[in-house]
Each structure stands twice: as C-alpha cells, then as structure tokens.
Amino acid sequence: MSSPLAVYHRLALGACVIMLGACTTSHGSGSAAASPVTGSASAAAQAQASAPPFTGKAYPSQGHAHLNPGEPDDFVYNSNPPTSGPHREMFTDTFISPEPLPNYVQVHLLEHGNVLLQYNCSCPDLAAALGSIAMIYDSHLIPANELQPSSADVQNGEEQGSAVIVAPYPHMKSTIALTAWTRLATLSAVDKQKIVSFIDTYLHNEANASQ
C-alpha cells in the first residue's frame with residue numbers, strides 16, 4: 001500500500017503536469033497572436049492569394065495566317081512585341097535565347113500557347129532572373145537523364161505549348177515584356193509574383209490561344 005506521502009507526491013506531480021500543459025498551450029497561443037513576423041507572413045500570403053491575376057493588356061487577334069516561303073514578313077502588328085497575326089511555322093532551339101527572335105517566330109510560339117519573357121537592356125542579372133523563372137516551367141520538359149535540353153526537347157515543349165522562352169528584344173520601350181497570344185504585359189523590373197501569375201494564366205491555355 002502506498003504511503004500518504006507517496007500519494008501526495010503523485011497527485012502533486014500530476015497537477016504540475018496539467019498546469020504545465022495549460023501554461024504551454026496558453027504561451028503558444030499568446031506567441032502566435034503576438035508575433036508580428038508570423039502575422040505579417042500570414043497577411044502577405046493572404047494578400048497574394050487574393051490578388052487578381054496579372055494578365056496585362058488584351059489586343060484584338062490579327063489571325064493565325066501562315067506565311068508561305070518567300071512571302072514577305074513585313075506585316076504591321078498591333079502590339080510591340082507582337083501577340084498575334086501572320087507568322088512562320090518555326091520553333092527555337094533553346095529556351096533561353098541570346099539573340100532576339102524574329103516577330104514571325106514569336107507569334108508562332110504564342111499561337112501554340114507558349115509564353116515569352118523578353119527584355120530590352122544590357123542586363124545580365126535581369127536576364128538571369130528571367131531565365132530562373134522560365135526554368136521553373138522548362139525544367140519539366142527536360143528528360144531526367146539530360147543535363148541540358150536538346151533542340152528536340154525544346155521544340156517538343158514548344159509544340160505542346162508548355163515552354164517559357166526568354167530572349168532580348170531591343171525594339172520596344174519597356175524594359176521587360178511578357179507576351180502570350182493576344183496578351184502583353186510590361187514591367188520596369190523583375191517582379192516574380194506578377195511574372196509567375198502571367199505565366200500561370202496563359203501557359204498552355206488552349207482556349208486563349210485559339211482566339
């Protein structure tokens with residue numbers, strides 16, 4: 001039989017455990033409510049989730065006409081960079097191009113549902129930042145056993161309308177232009193949240209590309 005003192009010790013220990021649990025719970029709740037960092041992060045996440053998609057400006061479709069070999073490519077597009085209209089059925093060999101893409105290639109890429117991120121500056125850091133965003137999507141188009149995409153990998157991704165292509169484009173006023181079929185958005189600096197929103201809205205968007 002346990003002595004009265006032993007029983008007391010067990011009861012006292014149990015009470016301490018209960019009280020400690022209560023104090024821990026209360027302290028945890030108080031910390032969550034009082035922490036400005038947690039509160040700010042939560043508010044930022046909620047604001048991002050409730051922010052409207054970044055969709056840029058809509059331009060009337062100028063059609064899906066294909067230019068024949070030898071046919072001039074001097075068509076005047078209604079946006080700069082172009083977002084629809086006559087084009088040649090050509091793809092690129094790389095997701096990140098060091099050279100500007102001809103308008104008639106840009107439009108063909110957009111027609112398939114791809115998204116272009118173009119920049120008008122001598123700015124390696126900005127170009128690299130755009131490339132990093134593009135690779136969030138393009139990395140899924142590269143076979144697991146390859147370190148770099150082959151031309152076939154790139155063109156297959158573009159054919160499917162699942163590629164994000166980065167290239168310089170000196171013939172525009174804005175620093176950055178994001179284009180999809182009939183859509184153009186401009187930025188003065190890299191804004192990852194807006195760029196990702198634009199890509200997520202239009203990449204492989206068959207309904208939009210068929211307009």
# chains A, B, ... in the order shown; residues from 1 in each chain; ligands from 1
$ closest_atom_pairs --of "stretch 164-210 of chain A" --to "stretch 104-124 of chain A" --cutoff "6 Å" --atoms "only C-alpha atoms" --output "CSV"
residue,atom,partner,partner_atom,distance
A:Val164,CA,A:Val115,CA,5.0
A:Ile165,CA,A:Leu116,CA,4.8
A:Val166,CA,A:Leu117,CA,4.8
A:Ala167,CA,A:Gln118,CA,5.0
A:Pro168,CA,A:Tyr119,CA,4.9
A:Tyr169,CA,A:Asn120,CA,5.3
A:Pro170,CA,A:Asn120,CA,4.8
A:Thr175,CA,A:Asn120,CA,4.9
A:Ile176,CA,A:Tyr119,CA,4.4
A:Ala177,CA,A:Gln118,CA,5.2
A:Leu178,CA,A:Leu117,CA,4.8
A:Thr179,CA,A:Leu116,CA,5.2
A:Ala180,CA,A:Val115,CA,5.1
A:Trp181,CA,A:Leu110,CA,5.0
A:Leu203,CA,A:Asn114,CA,5.5
A:His204,CA,A:Gly113,CA,4.5
A:Asn205,CA,A:Gly113,CA,5.7
A:Ala209,CA,A:Glu111,CA,5.5
$ write_last_selection --atoms "C-alpha atoms" --output "PDB file, in the first residue's frame"
ATOM      1  CA  VAL A 164       8.554  29.678 -71.369  1.00  0.00           C
ATOM      2  CA  ILE A 165      11.085  31.358 -73.674  1.00  0.00           C
ATOM      3  CA  VAL A 166      13.450  34.165 -72.676  1.00  0.00           C
ATOM      4  CA  ALA A 167      15.113  36.437 -75.236  1.00  0.00           C
ATOM      5  CA  PRO A 168      16.341  40.002 -75.698  1.00  0.00           C
ATOM      6  CA  TYR A 169      14.123  42.303 -77.724  1.00  0.00           C
ATOM      7  CA  PRO A 170      15.624  45.744 -78.403  1.00  0.00           C
ATOM      8  CA  THR A 175      12.421  47.045 -70.002  1.00  0.00           C
ATOM      9  CA  ILE A 176      10.509  43.751 -69.778  1.00  0.00           C
ATOM     10  CA  ALA A 177       7.646  42.433 -71.879  1.00  0.00           C
ATOM     11  CA  LEU A 178       5.594  39.338 -71.141  1.00  0.00           C
ATOM     12  CA  THR A 179       3.603  38.036 -74.098  1.00  0.00           C
ATOM     13  CA  ALA A 180       1.004  35.366 -74.681  1.00  0.00           C
ATOM     14  CA  TRP A 181      -1.459  35.052 -77.556  1.00  0.00           C
ATOM     15  CA  LEU A 203       0.854  28.947 -70.481  1.00  0.00           C
ATOM     16  CA  HIS A 204      -0.699  26.025 -72.376  1.00  0.00           C
ATOM     17  CA  ASN A 205      -4.028  27.889 -72.312  1.00  0.00           C
ATOM     18  CA  ALA A 209      -4.507  30.572 -77.961  1.00  0.00           C
TER      19      ALA A 209
END
$ atom_distance --atom1 "atom CA of A:Thr94" --atom2 "atom CA of A:Tyr202"
20.2 Å
$ residues_around --residues "A:Gly85" --least-positions-apart "5" --cutoff "6 Å" --atoms "only C-alpha atoms" --output "PDB file with N, CA and C atoms, in the first residue's frame"
ATOM      1  N   GLN A  62      -5.136  39.231 -84.619  1.00  0.00           N
ATOM      2  CA  GLN A  62      -4.902  39.534 -86.032  1.00  0.00           C
ATOM      3  C   GLN A  62      -4.805  38.244 -86.857  1.00  0.00           C
ATOM      4  N   GLY A  63      -5.330  37.182 -86.289  1.00  0.00           N
ATOM      5  CA  GLY A  63      -5.429  35.948 -87.034  1.00  0.00           C
ATOM      6  C   GLY A  63      -4.260  35.004 -86.880  1.00  0.00           C
ATOM      7  N   HIS A  64      -4.400  33.844 -87.523  1.00  0.00           N
ATOM      8  CA  HIS A  64      -3.427  32.755 -87.409  1.00  0.00           C
ATOM      9  C   HIS A  64      -2.780  32.427 -88.749  1.00  0.00           C
TER      10      HIS A  64
END
$ closest_residue --among "A:Thr201, A:Glu206, A:Ile96, A:Gly56" --to "A:Ile133" --atoms "only C-alpha atoms"
A:Ile96
$ atom_distance --atom1 "atom CA of A:Met90" --atom2 "atom CA of A:His66"
10.4 Å
$ closest_residue --among "A:Ser97, A:Ser50, A:Gln148, A:Ser84" --to "A:Ala65" --atoms "only C-alpha atoms"
A:Ser84
$ atom_distance --atom1 "atom CA of A:Leu187" --atom2 "atom CA of A:Ser174"
6.7 Å
$ select_by_dssp --residues "stretch 78-170 of chain A" --states "alpha helix (DSSP H)" --output "MDAnalysis selection string"
chainID A and resid 103:111 124:138 151:160
$ write_last_selection --atoms "C-alpha atoms" --output "compact mmCIF listing (two decimals), in the first residue's frame"
# COMPACT_ATOMS: atom_id res chain seq x y z
CA ASN A 103 8.44 38.59 -84.90
CA TYR A 104 7.16 35.78 -87.10
CA VAL A 105 8.79 33.23 -84.78
CA GLN A 106 7.46 34.90 -81.64
CA VAL A 107 3.90 34.79 -82.92
CA HIS A 108 4.17 31.11 -83.85
CA LEU A 109 5.36 30.28 -80.33
CA LEU A 110 2.46 32.21 -78.82
CA GLU A 111 -0.03 30.54 -81.14
CA PRO A 124 22.90 40.01 -67.37
CA ASP A 125 21.42 39.91 -63.88
CA LEU A 126 17.92 40.72 -65.12
CA ALA A 127 18.23 38.19 -67.95
CA ALA A 128 19.41 35.56 -65.47
CA ALA A 129 16.47 36.30 -63.17
CA LEU A 130 14.02 35.84 -66.05
CA GLY A 131 15.82 32.64 -67.02
CA SER A 132 15.48 31.30 -63.48
CA ILE A 133 11.72 31.91 -63.57
CA ALA A 134 11.44 30.28 -67.00
CA MET A 135 13.28 27.19 -65.82
CA ILE A 136 10.67 26.61 -63.11
CA TYR A 137 8.50 25.53 -66.03
CA ASP A 138 11.03 24.42 -68.65
CA SER A 151 16.88 21.03 -79.67
CA ALA A 152 14.32 18.24 -79.91
CA ASP A 153 13.37 18.69 -76.23
CA VAL A 154 12.87 22.43 -76.75
CA GLN A 155 10.84 22.06 -79.91
CA ASN A 156 8.73 19.31 -78.41
CA GLY A 157 7.91 21.54 -75.44
CA GLU A 158 7.09 24.44 -77.75
CA GLU A 159 4.93 22.23 -79.95
CA GLN A 160 2.93 21.30 -76.83
$ select_by_dssp --residues "stretch 32-196 of chain A" --states "strand (DSSP E)" --output "list of chain:residue names"
A:Lys57, A:Ala58, A:Val115, A:Leu116, A:Leu117, A:Gln118, A:Tyr119, A:Val164, A:Ile165, A:Val166, A:Ala167, A:Pro168, A:Ile176, A:Ala177, A:Leu178, A:Thr179, A:Ala180, A:Arg183, A:Leu184, A:Ala185, A:Thr186, A:Leu187
$ write_last_selection --atoms "C-alpha atoms" --output "PDB file, in the first residue's frame"
ATOM      1  CA  LYS A  57      -3.423  44.242 -71.858  1.00  0.00           C
ATOM      2  CA  ALA A  58      -5.587  42.425 -74.402  1.00  0.00           C
ATOM      3  CA  VAL A 115       4.803  32.420 -73.084  1.00  0.00           C
ATOM      4  CA  LEU A 116       7.683  34.780 -73.921  1.00  0.00           C
ATOM      5  CA  LEU A 117       9.697  36.835 -71.433  1.00  0.00           C
ATOM      6  CA  GLN A 118      11.687  39.491 -73.309  1.00  0.00           C
ATOM      7  CA  TYR A 119      13.950  42.301 -72.139  1.00  0.00           C
ATOM      8  CA  VAL A 164       8.554  29.678 -71.369  1.00  0.00           C
ATOM      9  CA  ILE A 165      11.085  31.358 -73.674  1.00  0.00           C
ATOM     10  CA  VAL A 166      13.450  34.165 -72.676  1.00  0.00           C
ATOM     11  CA  ALA A 167      15.113  36.437 -75.236  1.00  0.00           C
ATOM     12  CA  PRO A 168      16.341  40.002 -75.698  1.00  0.00           C
ATOM     13  CA  ILE A 176      10.509  43.751 -69.778  1.00  0.00           C
ATOM     14  CA  ALA A 177       7.646  42.433 -71.879  1.00  0.00           C
ATOM     15  CA  LEU A 178       5.594  39.338 -71.141  1.00  0.00           C
ATOM     16  CA  THR A 179       3.603  38.036 -74.098  1.00  0.00           C
ATOM     17  CA  ALA A 180       1.004  35.366 -74.681  1.00  0.00           C
ATOM     18  CA  ARG A 183      -1.804  39.475 -74.374  1.00  0.00           C
ATOM     19  CA  LEU A 184       1.028  41.851 -73.465  1.00  0.00           C
ATOM     20  CA  ALA A 185       2.223  42.967 -70.036  1.00  0.00           C
ATOM     21  CA  THR A 186       5.195  45.247 -69.358  1.00  0.00           C
ATOM     22  CA  LEU A 187       7.404  45.724 -66.302  1.00  0.00           C
TER      23      LEU A 187
END
$ closest_residue --among "A:Thr55, A:Arg88, A:His171, A:Asn208" --to "A:Gly70" --atoms "only C-alpha atoms"
A:Arg88
